[in-house]
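Trainee: Handing you a structure now.
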Amino acid sequence: MSVDMRTTVAGVEFKNPVIAASGTFGFGREYNNFYDVGKLGGISSKGLTLKPRLGNPPVRIAETPSGMLNSVGLQNPGVEAFIETELPFMKSLGTVVIANVAGATESDYVSIVDILSKTDVDMIELNISCPNVKNGGMAFGVSPDSVESITRAVRKACKKPLIVKLTPNVSCIADNARAAERGGADAISLINTVAGMAVDYKTRKPVLAVGGGGLSGACVKPIALRMVHECFKTVGTPIMGLGGIMTGEDAAEFMLCGASAVQVGTANILDPFASLRIVNELTNLAESDNIAKITSIIGGLIVE
Amino acid sequence: MKAEKCDLTLKSIEKFGNVYRVVCESKKKLPHMAAGQFAHIKVPNRELRRPICIYDNTDTTVSFIIASVGAGTEAFTAQKPGAEFDALLPLGNGFPILPDVTNVALLGGGTGCAPLLKIAKDNPSLNCTALLGFPNAAAREVYKDDFDKVCDRVCYCTDDGSFGYHGYPTELLTEIAPDVLYVCGAPGMMKTAQKFCADRGTVGFASTEQRMGCGVGACLVCSVRINRDGKEKLLRACADGPVFALEELVL
Ligand SMILES: Cc1cc2nc3c(=O)[nH]c(=O)nc-3n(C[C@H](O)[C@H](O)[C@H](O)COP(=O)(O)OP(=O)(O)OC[C@H]3O[C@@H](n4cnc5c(N)ncnc54)[C@H](O)[C@@H]3O)c2cc1C
Ligand SMILES: Cc1cc2nc3c(=O)[nH]c(=O)nc-3n(C[C@H](O)[C@H](O)[C@H](O)COP(=O)(O)O)c2cc1C
Ligand code: FES
């Protein structure tokens with residue numbers, strides 16, 4: 001029996017629920033040299049800003065137990081270069097194209113979303129959760145009030161389905177999910193990275209040049225699962241779940257907790273074939289459990 | 001030269017102090033590899049892969065010179081022959097070989113000598129002089145007589161004078177007066193080499209190092225500072241490098 005792997009988020013249909021997460025997949029070019037990335041449900045672009053950004057000085061990566069820290073700091077070519085050189089390529093892949101956007105001010109966010117609304121990106125993901133930039137980024141994503149107001153401001157300019165990406169570095173994730181929903185988000189994605197740091201005892205310095213960074217990988221999965229579940233219980237907005245997904249079974253766990261689709265980040269960095277492998281594993285898992293439609297497991301967590 | 005994920009088996013591993021000479025075997029024919037390219041190797045019980053230069057290769061083998069400097073390289077070099085792992089290879093841009101130039105110097109320090117061997121080996125028409133620096137005589141043994149076999153001249157240099165020239169290999173650059181210089185070593189060596197090339201108008205290429213994530217150009221964690229087109233840029237060591245024009249490096 002073949003499983004129907006399609007899923008829909010905010011009116012956009014995905015051929016399967018596995019999306020490559022922002023910042024770990026570039027614009028799809030590099031991994032397309034290893035396999036046809038059009039086989040994925042979607043790709044979320046590297047975080048885009050109005051003007052090109054160099055990002056933070058190196059060192060920008062540290063290995064941690066079952067995970068990693070990064071402090072890239074939104075290095076990207078800027079939205080215009082994205083539209084000119086990367087978007088046509090991404091659109092040629094035959095998969096859903098999500099533009100992940102970031103800014104230092106509210107008006108940055110509004111301008112960039114306005115610009116992208118005039119292109120053929122399929123969805124826009126609002127990154128108000130990057131822990132690696134001094135201005136903006138996570139600052140907009142921490143208090144529910146600011147989540148609501150930036151979502152509302154962007155919503156007015158946004159002609160595309162709008163995903164708001166939430167940070168886990170908050171006191172009550174459900175409050176922030178509700179705020180995004182009130183502001184007009186069509187979907188939410190969570191989690192972005194967890195603020196953290198690594199220390200080199202020998203040099204007595206932080207490993208990352210800027211001090212702290214964002215933690216990702218298998219170690220954050222329990223945090224992410226719980227947050228996805230809390231949001232699913234609280235809001236009606238569809239959810240893209242991510243954080244530490246390494247296998248098809250991990251993806252299925254997120255769907256049980258309420259995710260309509262999942263994103264895969266760090267796993268790509270560890271293994272270039274990870275996202276494709278996860279699609280295949282999830283398909284096989286559903287097949288062996290006689291699941292006809294993958295969407296039937298969404299929110300199926302049994303809590304006694 | 002598309003990179004592939006290759007299944008490798010450890011064929012032999014020889015220890016020279018904290019540096020290991022590792023030969024790996026593949027059941028399938030391995031892709032073509034150029035001097036200066038690297039492999040991104042899966043290490044037991046570690047999350048991230050580790051980038052290691054391709055030292056030498058045949059159709060079905062690839063060898064590495066690996067210094068055990070931390071948890072990852074320690075775990076890798078603790079493996080025994082027969083151990084299986086995978087590696088992405090070949091990655092990055094290797095050393096450009098310029099047409100019509102024959103007088104070439106290979107300047108390396110310690111494990112930094114590793115990426116240079118294939119320049120001489122793959123280009124027999126070049127007239128290569130290797131200037132190889134080590135702390136002491138024991139530290140050069142991991143290379144056996146590999147450089148002597150493929151270079152026209154090899155100058156081993158030791159900091160303590162226990163073998164060859166007593167001093168830094170950069171001190172011999174003026175005497176050799178190469179047309180092209182290929183370098184891989186500690187920042188001090190790179191700086192001296194950069195100045196030498198700038199002063200004399202010599203073309204130089206350097207292999208850089210940066211901590212890496214994906215190794216293929218997607219995650220942007222491996223940026224190195226590069227001066228290009230009159231501007232300082234952050235380029236990816238893995239995909240834009242690891243070899244850059246020496247004059248472009250911000251050291
Ligand atoms: C393109 C490239 C080619 C390389 N080729 C070789 C080679 O042929 N032989 C060899 O022995 N080493 C090589 N290296 C360096 C090697 O990758 C690092 O020594 C290794 O990743 C350290 O891992 P670890 O877990 O043992 O050390 P860690 O515990 O991670 O760190 C130990 C020390 O190594 C340094 N370090 C960590 N990662 C890197 C890195 N990616 N590059 C440079 N320094 C690092 C740290 O700053 C620290 O001082 C290469 C690096 C690059 C980028
Ligand atoms: C190197 C790196 C760069 C990232 N860059 C971005 C980014 O530009 N925008 C964004 O919204 N998230 C970014 N993220 C966060 C991931 O998209 C993801 O939310 C997080 O890593 C958790 O998922 P994972 O454990 O599967 O990696 C980045 C993560 C990593 C590791
Ligand atoms: S290591 Fe990922 S871009 Fe270079």
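Ordering of the structure tokens sets the chain letters (A, B, ...); residue numbers start at 1 within each chain; ligands are numbered from 1 in the order shown.
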Within 8 Å of chain B, which residues of chain A show up when using only C-alpha atoms, listed as JSON, numbers by chain?
Mentor: {"A": [23, 24, 25, 26, 27, 28, 30, 31, 33, 34, 54, 57, 58, 59, 60, 61, 63, 65, 66, 67, 68, 70, 71, 72, 75, 268, 269, 270, 271, 272]}
Trainee: Write the residues you've just listed into a file as a PDB file, in the first residue's frame, and include N, CA and C atoms for each of them.
Mentor:
ATOM      1  N   GLY A  23      18.862  28.178   7.188  1.00  0.00           N
ATOM      2  CA  GLY A  23      20.228  28.346   7.676  1.00  0.00           C
ATOM      3  C   GLY A  23      21.075  27.101   7.625  1.00  0.00           C
ATOM      4  N   THR A  24      20.442  25.963   7.342  1.00  0.00           N
ATOM      5  CA  THR A  24      21.210  24.720   7.313  1.00  0.00           C
ATOM      6  C   THR A  24      21.241  24.133   5.908  1.00  0.00           C
ATOM      7  N   PHE A  25      20.611  24.818   4.963  1.00  0.00           N
ATOM      8  CA  PHE A  25      20.407  24.246   3.634  1.00  0.00           C
ATOM      9  C   PHE A  25      20.714  25.269   2.555  1.00  0.00           C
ATOM     10  N   GLY A  26      21.310  26.408   2.927  1.00  0.00           N
ATOM     11  CA  GLY A  26      21.600  27.459   1.957  1.00  0.00           C
ATOM     12  C   GLY A  26      20.342  27.798   1.184  1.00  0.00           C
ATOM     13  N   PHE A  27      20.461  27.798  -0.157  1.00  0.00           N
ATOM     14  CA  PHE A  27      19.295  27.980  -1.021  1.00  0.00           C
ATOM     15  C   PHE A  27      19.054  26.695  -1.818  1.00  0.00           C
ATOM     16  N   GLY A  28      19.548  25.600  -1.284  1.00  0.00           N
ATOM     17  CA  GLY A  28      19.288  24.289  -1.879  1.00  0.00           C
ATOM     18  C   GLY A  28      20.335  23.816  -2.869  1.00  0.00           C
ATOM     19  N   GLU A  30      23.711  23.403  -2.768  1.00  0.00           N
ATOM     20  CA  GLU A  30      24.786  22.490  -2.384  1.00  0.00           C
ATOM     21  C   GLU A  30      24.269  21.064  -2.265  1.00  0.00           C
ATOM     22  N   TYR A  31      23.115  20.898  -1.599  1.00  0.00           N
ATOM     23  CA  TYR A  31      22.620  19.539  -1.404  1.00  0.00           C
ATOM     24  C   TYR A  31      22.031  18.967  -2.685  1.00  0.00           C
ATOM     25  N   ASN A  33      23.523  18.883  -5.303  1.00  0.00           N
ATOM     26  CA  ASN A  33      24.629  18.134  -5.907  1.00  0.00           C
ATOM     27  C   ASN A  33      24.674  16.697  -5.382  1.00  0.00           C
ATOM     28  N   PHE A  34      24.040  16.464  -4.231  1.00  0.00           N
ATOM     29  CA  PHE A  34      24.051  15.109  -3.665  1.00  0.00           C
ATOM     30  C   PHE A  34      22.805  14.326  -4.053  1.00  0.00           C
ATOM     31  N   LEU A  54      27.362  40.432   6.553  1.00  0.00           N
ATOM     32  CA  LEU A  54      28.559  39.597   6.663  1.00  0.00           C
ATOM     33  C   LEU A  54      28.425  38.558   7.761  1.00  0.00           C
ATOM     34  N   PRO A  57      32.051  37.454  13.360  1.00  0.00           N
ATOM     35  CA  PRO A  57      33.406  36.941  13.110  1.00  0.00           C
ATOM     36  C   PRO A  57      33.522  35.474  13.527  1.00  0.00           C
ATOM     37  N   PRO A  58      34.444  34.709  12.907  1.00  0.00           N
ATOM     38  CA  PRO A  58      34.657  33.328  13.329  1.00  0.00           C
ATOM     39  C   PRO A  58      35.419  33.302  14.672  1.00  0.00           C
ATOM     40  N   VAL A  59      35.362  32.298  15.485  1.00  0.00           N
ATOM     41  CA  VAL A  59      34.753  30.983  15.325  1.00  0.00           C
ATOM     42  C   VAL A  59      33.231  31.079  15.451  1.00  0.00           C
ATOM     43  N   ARG A  60      32.508  30.347  14.584  1.00  0.00           N
ATOM     44  CA  ARG A  60      31.051  30.417  14.584  1.00  0.00           C
ATOM     45  C   ARG A  60      30.381  29.089  14.868  1.00  0.00           C
ATOM     46  N   ILE A  61      31.144  28.066  15.200  1.00  0.00           N
ATOM     47  CA  ILE A  61      30.531  26.762  15.472  1.00  0.00           C
ATOM     48  C   ILE A  61      31.266  26.066  16.604  1.00  0.00           C
ATOM     49  N   GLU A  63      30.992  22.169  18.773  1.00  0.00           N
ATOM     50  CA  GLU A  63      30.279  20.918  18.983  1.00  0.00           C
ATOM     51  C   GLU A  63      29.918  20.816  20.464  1.00  0.00           C
ATOM     52  N   PRO A  65      27.534  18.201  23.468  1.00  0.00           N
ATOM     53  CA  PRO A  65      26.993  16.847  23.565  1.00  0.00           C
ATOM     54  C   PRO A  65      25.668  16.728  22.792  1.00  0.00           C
ATOM     55  N   SER A  66      25.623  15.825  21.841  1.00  0.00           N
ATOM     56  CA  SER A  66      24.427  15.595  21.009  1.00  0.00           C
ATOM     57  C   SER A  66      23.893  16.850  20.329  1.00  0.00           C
ATOM     58  N   GLY A  67      24.771  17.749  19.970  1.00  0.00           N
ATOM     59  CA  GLY A  67      24.296  18.952  19.283  1.00  0.00           C
ATOM     60  C   GLY A  67      25.424  19.883  18.905  1.00  0.00           C
ATOM     61  N   MET A  68      25.063  21.098  18.578  1.00  0.00           N
ATOM     62  CA  MET A  68      26.051  22.102  18.193  1.00  0.00           C
ATOM     63  C   MET A  68      25.530  23.498  18.501  1.00  0.00           C
ATOM     64  N   ASN A  70      25.771  27.515  17.043  1.00  0.00           N
ATOM     65  CA  ASN A  70      26.254  28.342  15.942  1.00  0.00           C
ATOM     66  C   ASN A  70      26.048  29.800  16.280  1.00  0.00           C
ATOM     67  N   SER A  71      26.903  30.626  15.682  1.00  0.00           N
ATOM     68  CA  SER A  71      26.761  32.078  15.846  1.00  0.00           C
ATOM     69  C   SER A  71      27.024  32.747  14.497  1.00  0.00           C
ATOM     70  N   VAL A  72      26.372  32.226  13.465  1.00  0.00           N
ATOM     71  CA  VAL A  72      26.586  32.756  12.114  1.00  0.00           C
ATOM     72  C   VAL A  72      26.175  34.229  12.060  1.00  0.00           C
ATOM     73  N   GLN A  75      24.420  35.840   8.118  1.00  0.00           N
ATOM     74  CA  GLN A  75      25.163  36.154   6.895  1.00  0.00           C
ATOM     75  C   GLN A  75      24.277  35.796   5.703  1.00  0.00           C
ATOM     76  N   ASN A 268      21.057  17.972   8.487  1.00  0.00           N
ATOM     77  CA  ASN A 268      21.675  18.171   7.163  1.00  0.00           C
ATOM     78  C   ASN A 268      23.169  18.447   7.282  1.00  0.00           C
ATOM     79  N   ILE A 269      23.531  19.162   8.346  1.00  0.00           N
ATOM     80  CA  ILE A 269      24.933  19.529   8.537  1.00  0.00           C
ATOM     81  C   ILE A 269      25.760  18.285   8.850  1.00  0.00           C
ATOM     82  N   LEU A 270      25.151  17.350   9.570  1.00  0.00           N
ATOM     83  CA  LEU A 270      25.878  16.140   9.950  1.00  0.00           C
ATOM     84  C   LEU A 270      25.953  15.155   8.789  1.00  0.00           C
ATOM     85  N   ASP A 271      24.914  15.148   7.944  1.00  0.00           N
ATOM     86  CA  ASP A 271      24.848  14.191   6.844  1.00  0.00           C
ATOM     87  C   ASP A 271      24.088  14.831   5.685  1.00  0.00           C
ATOM     88  N   PRO A 272      24.723  15.026   4.545  1.00  0.00           N
ATOM     89  CA  PRO A 272      24.064  15.736   3.445  1.00  0.00           C
ATOM     90  C   PRO A 272      22.773  15.067   2.967  1.00  0.00           C
TER      91      PRO A 272
END
Trainee: Tell me which protein, DNA and RNA residues are within 6 Å of A:Met240, counting only C-alpha atoms, leaving out same-chain ones fewer than 2 positions away, and put them as number ranges by chain.
Mentor: A: 189, 259-262
Trainee: What does the distance from atom CA of B:Asn127 to atom CA of B:Val180 come to in Å, to one decimal?
Mentor: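 A separation of 10.6 Å between them.
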Trainee: Pull the closest atom pair for each residue of chain B that gets at most 7 Å from ligand 1, along with the distance in Å to one decimal, counting only C-alpha atoms and all ligand atoms, ordering rows by chain and then ascending residue number, as JSON lines.
Mentor:
{"residue": "B:Phe38", "atom": "CA", "partner": "ligand 1", "partner_atom_place_in_ligand_line": "1 (C)", "distance": 5.6}
{"residue": "B:Arg50", "atom": "CA", "partner": "ligand 1", "partner_atom_place_in_ligand_line": "21 (O)", "distance": 4.5}
{"residue": "B:Pro51", "atom": "CA", "partner": "ligand 1", "partner_atom_place_in_ligand_line": "17 (O)", "distance": 4.3}
{"residue": "B:Ile52", "atom": "CA", "partner": "ligand 1", "partner_atom_place_in_ligand_line": "5 (N)", "distance": 3.5}
{"residue": "B:Cys53", "atom": "CA", "partner": "ligand 1", "partner_atom_place_in_ligand_line": "8 (O)", "distance": 3.8}
{"residue": "B:Ile54", "atom": "CA", "partner": "ligand 1", "partner_atom_place_in_ligand_line": "8 (O)", "distance": 6.6}
{"residue": "B:Tyr55", "atom": "CA", "partner": "ligand 1", "partner_atom_place_in_ligand_line": "8 (O)", "distance": 6.9}
{"residue": "B:Phe64", "atom": "CA", "partner": "ligand 1", "partner_atom_place_in_ligand_line": "8 (O)", "distance": 6.0}
{"residue": "B:Ile65", "atom": "CA", "partner": "ligand 1", "partner_atom_place_in_ligand_line": "9 (N)", "distance": 5.1}
{"residue": "B:Ile66", "atom": "CA", "partner": "ligand 1", "partner_atom_place_in_ligand_line": "11 (O)", "distance": 3.4}
{"residue": "B:Ala67", "atom": "CA", "partner": "ligand 1", "partner_atom_place_in_ligand_line": "11 (O)", "distance": 3.7}
{"residue": "B:Ser68", "atom": "CA", "partner": "ligand 1", "partner_atom_place_in_ligand_line": "26 (O)", "distance": 5.8}
{"residue": "B:Val69", "atom": "CA", "partner": "ligand 1", "partner_atom_place_in_ligand_line": "26 (O)", "distance": 4.7}
{"residue": "B:Gly70", "atom": "CA", "partner": "ligand 1", "partner_atom_place_in_ligand_line": "26 (O)", "distance": 3.2}
{"residue": "B:Ala71", "atom": "CA", "partner": "ligand 1", "partner_atom_place_in_ligand_line": "25 (O)", "distance": 4.3}
{"residue": "B:Gly72", "atom": "CA", "partner": "ligand 1", "partner_atom_place_in_ligand_line": "25 (O)", "distance": 3.1}
{"residue": "B:Thr73", "atom": "CA", "partner": "ligand 1", "partner_atom_place_in_ligand_line": "26 (O)", "distance": 3.6}
{"residue": "B:Glu74", "atom": "CA", "partner": "ligand 1", "partner_atom_place_in_ligand_line": "26 (O)", "distance": 5.8}
{"residue": "B:Thr111", "atom": "CA", "partner": "ligand 1", "partner_atom_place_in_ligand_line": "9 (N)", "distance": 5.3}
{"residue": "B:Gly112", "atom": "CA", "partner": "ligand 1", "partner_atom_place_in_ligand_line": "8 (O)", "distance": 6.8}
{"residue": "B:Ala114", "atom": "CA", "partner": "ligand 1", "partner_atom_place_in_ligand_line": "8 (O)", "distance": 5.6}
{"residue": "B:Pro115", "atom": "CA", "partner": "ligand 1", "partner_atom_place_in_ligand_line": "8 (O)", "distance": 6.6}
{"residue": "B:Thr208", "atom": "CA", "partner": "ligand 1", "partner_atom_place_in_ligand_line": "1 (C)", "distance": 6.5}
{"residue": "B:Glu209", "atom": "CA", "partner": "ligand 1", "partner_atom_place_in_ligand_line": "53 (C)", "distance": 3.8}
{"residue": "B:Gln210", "atom": "CA", "partner": "ligand 1", "partner_atom_place_in_ligand_line": "42 (N)", "distance": 4.3}
{"residue": "B:Arg211", "atom": "CA", "partner": "ligand 1", "partner_atom_place_in_ligand_line": "41 (N)", "distance": 3.3}
{"residue": "B:Met212", "atom": "CA", "partner": "ligand 1", "partner_atom_place_in_ligand_line": "41 (N)", "distance": 5.2}
{"residue": "B:Ala237", "atom": "CA", "partner": "ligand 1", "partner_atom_place_in_ligand_line": "53 (C)", "distance": 7.0}
{"residue": "B:Cys238", "atom": "CA", "partner": "ligand 1", "partner_atom_place_in_ligand_line": "1 (C)", "distance": 6.5}
{"residue": "B:Pro242", "atom": "CA", "partner": "ligand 1", "partner_atom_place_in_ligand_line": "1 (C)", "distance": 5.4}
Trainee: Could you list, as a ChimeraX atom specification, every residue within 8 Å of stretch 226-231 of chain B, counting only C-alpha atoms and ignoring same-chain residues fewer than 6 positions away?
Mentor: /B:247-250
Trainee: May I have the selected residues written with N, CA, C and O atoms, as a short mmCIF file (atom, residue, chain, number, x, y, z; two decimals), in the first residue's frame?
Mentor:
data_model
loop_
_atom_site.label_atom_id
_atom_site.label_comp_id
_atom_site.auth_asym_id
_atom_site.auth_seq_id
_atom_site.Cartn_x
_atom_site.Cartn_y
_atom_site.Cartn_z
N GLU B 247 47.59 36.55 -1.41
CA GLU B 247 47.45 37.99 -1.20
C GLU B 247 46.06 38.37 -0.68
O GLU B 247 45.87 39.43 -0.11
N GLU B 248 45.09 37.47 -0.86
CA GLU B 248 43.72 37.78 -0.43
C GLU B 248 43.48 37.54 1.06
O GLU B 248 42.51 38.04 1.62
N LEU B 249 44.36 36.73 1.68
CA LEU B 249 44.11 36.37 3.08
C LEU B 249 44.29 37.55 4.01
O LEU B 249 45.27 38.28 3.91
N VAL B 250 43.31 37.74 4.92
CA VAL B 250 43.47 38.74 5.97
C VAL B 250 44.06 38.00 7.16
O VAL B 250 43.40 37.16 7.77
#
Trainee: Within 6 Å of ligand 2, counting only C-alpha atoms and all ligand atoms, which protein or nucleic acid residues do you find, written as a PyMOL selection string?
Mentor: (chain A and resi 21-24+46-47+70+74+127+191-193+216-217+242-245+264-266) or (chain B and resi 219)
